[in-house]
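Report on one structure; see the data block that follows.
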Amino acid sequence: MTGEDFQEVVSAYYRFYPDAEVIPVKILVTDDLNRTHSEIRPECKEYLLSERPQQDFNGRLVAPHLLDEPMNILMNEYKIIEYFDSLTWLGTIAHELTHAIDYYQMARRENLANYDIIDTDKKYNVFRLWSEYHARKTGYKFRMAIISRKNSSSPEEQLKFIREEEWPYQKNLFLSNYENCSTDYDQIYFVMNLLGRYSAWCDLFPDSFTENSIIEDLEEFSWLSSLLRFLRSHETLETMYDDFGELDNLLWDYWIDF
Ligand SMILES: [Zn+2]
C-alpha cells in the first residue's frame, strides 16, 4: 500500500461527500501510534505517557501545533493487515478525515489559537463527542459504499448480515464497553459510536432501522431514541454549531457530569 493509494481514498471520499471542505492532510502508516504521535508533536510526550490513549485503535488524528499546518492521520499498520479483507482501513481514513475536517472548521469558527484547546478544554467535550458520531457514520457509509460496489451481495443480503450478525455483535460490544468504562465521558463516547453506525443503517435501510427500533431490545436505554433523533437532525457542523448547548443538556439528562 502506497501514499498514492491513500490519496486515491481521500479523493474518493471527496467524490462521495462533495460538500465536505477540502483541507490539507497527511496520512502516515505506523507500527506504534504513540511513538509516531510523539514524533510529530514532541511536546505531547508527557500527555501520551500519562494518558496512554488506546494503542490498539485503527487510527488516530494528530492535529498540528499551528492552524496552518496539515492535519496528520496515523494508520495502525497491524490493523490494516488484520482487517484487510473487510477494507477497514478505508473506513479508518474516512473516519479520521471527518474528524480532521470537523476540527479544522471548529477551530476557525471559534477563532482558536491552536487545536490543542479542543482536546484539552472541557468546553469542547460535547463537540468531540458529536464529532465521534459524525466520523463513525461518515466513515462507515463510505466503506459500505465501496464494499457494495466491489462485491456482488444484494441489499437484501447486506441487510440480513447486519441484522443477524453485525448488529447483535455491535450491541454486545457496546454493552460490555459501556459497563467497563471508568468515566462518563468514555461511556458517551461508546454511545456516540453506536449511534453513528446505527444512523448509517437508518439511512441505508430505512424500512428496517429507525430511531425507535434501536431500543427494541435495549429497553434499559430508552433515551437512545431521542438522542439518535437529535443527532440525525444535526448531521453537519453547520447545523450542529448553534445547538451544542442543547446536546449538552440532552446528555446532562442522562449523566450527572462528564
Ligand atoms: Zn473517532
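In the C-alpha cells, chains take letters A, B, ... by order of appearance, with residues numbered from 1 within each chain and ligands from 1 in the order shown.
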Please identify every polymer residue within 7 Å of ligand 1, using only C-alpha atoms and all ligand atoms, and present the set as a ChimeraX atom specification. /A:95-96,99,132,135-136
Non-local contacts of Leu231 in chain A (9 Å; only C-alpha atoms; under 2 positions in same chain excluded) as JSON, numbers by chain: {"A": [130, 133, 134, 195, 196, 199, 226, 227, 228, 229, 233, 234, 235, 240, 247]}
Measuring between only C-alpha atoms, which one of A:Asp121, A:Asn172, A:Ile101, A:Phe209 shows the shortest distance to Tyr14 in chain A?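 For Tyr14 in chain A, the nearest of the given residues is A:Ile101.
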Contacts of range 147-149 of chain A at 12 Å (only C-alpha atoms; same-chain gap of 2+ positions) as a PyMOL selection string: chain A and resi 85-88+90-91+140-145+151-159+204
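For the residues A:His65, A:Ser222, A:Phe16, A:Tyr178, ranking by smallest atom-to-atom distance to Glu43 in chain A using only C-alpha atoms places A:His65 first.
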Would you mind telling me which residue in A:Tyr78, A:Phe84, A:Tyr115, A:Trp89 lies nearest to Val10 in chain A when using only C-alpha atoms?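 Among the listed residues, the smallest separation from Val10 in chain A belongs to A:Trp89.
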Looking only at the backbone, which of the residues in range 26-250 of chain A does DSSP tag as helix (DSSP H, G or I), as an NGL selection string? :A and (33-40 or 42-51 or 77-82 or 84-86 or 88-109 or 116-120 or 122-150 or 155-179 or 184-204 or 213-215 or 219-221 or 224-232 or 237-250)
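Proximity of A:Thr36, A:Gln55, A:Asn125, A:Thr30 to Ile80 in chain A, computed with only C-alpha atoms, is greatest for A:Thr30.
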If you measure from CA of Ser11 in chain A to CA of Ile73 in chain A, what distance in Å do you get, rounded to one decimal?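 Going from CA of Ser11 in chain A over to CA of Ile73 in chain A covers 15.0 Å.
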For the atom pair CA of Asp102 in chain A and CA of Tyr124 in chain A, what is the interatomic distance in Å to one decimal place?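 CA of Asp102 in chain A sits 12.0 Å away from CA of Tyr124 in chain A.
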Taking 4 positions as the minimum chain separation for residues in the same chain, which residues sit within 12 Å of Leu218 in chain A when counting only C-alpha atoms? Answer as a PyMOL selection string. chain A and resi 167-168+171-172+174-175+212-214+222-225
Can you measure CA of Asp31 in chain A to CA of Glu77 in chain A for me? One decimal in Å is fine.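 Here the two named atoms are 5.3 Å from each other.
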May I have all residues of range 9-235 of chain A that DSSP, computed from the backbone, assigns to strand (DSSP E), given as number ranges by chain? A: 25-30, 59-62, 71-76
Store the residues of this selection in a file with C-alpha atoms, as a PDB file, in the first residue's frame.
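This went into out.pdb:
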```
ATOM      1  CA  VAL A  25      -3.936  16.348   5.280  1.00  0.00           C
ATOM      2  CA  LYS A  26      -1.053  13.861   5.555  1.00  0.00           C
ATOM      3  CA  ILE A  27      -1.538  10.120   6.026  1.00  0.00           C
ATOM      4  CA  LEU A  28       1.168   8.113   7.806  1.00  0.00           C
ATOM      5  CA  VAL A  29       1.365   4.388   8.496  1.00  0.00           C
ATOM      6  CA  THR A  30       2.927   3.402  11.807  1.00  0.00           C
ATOM      7  CA  GLY A  59      -6.030   5.073  13.516  1.00  0.00           C
ATOM      8  CA  ARG A  60      -5.693   8.428  15.163  1.00  0.00           C
ATOM      9  CA  LEU A  61      -5.942  12.058  14.201  1.00  0.00           C
ATOM     10  CA  VAL A  62      -2.949  14.122  15.270  1.00  0.00           C
ATOM     11  CA  MET A  71      -3.619  17.541   9.756  1.00  0.00           C
ATOM     12  CA  ASN A  72      -1.980  14.131  10.325  1.00  0.00           C
ATOM     13  CA  ILE A  73      -3.866  10.867  10.083  1.00  0.00           C
ATOM     14  CA  LEU A  74      -1.985   7.960  11.628  1.00  0.00           C
ATOM     15  CA  MET A  75      -2.866   4.477  10.419  1.00  0.00           C
ATOM     16  CA  ASN A  76      -2.115   1.482  12.617  1.00  0.00           C
TER      17      ASN A  76
END
```
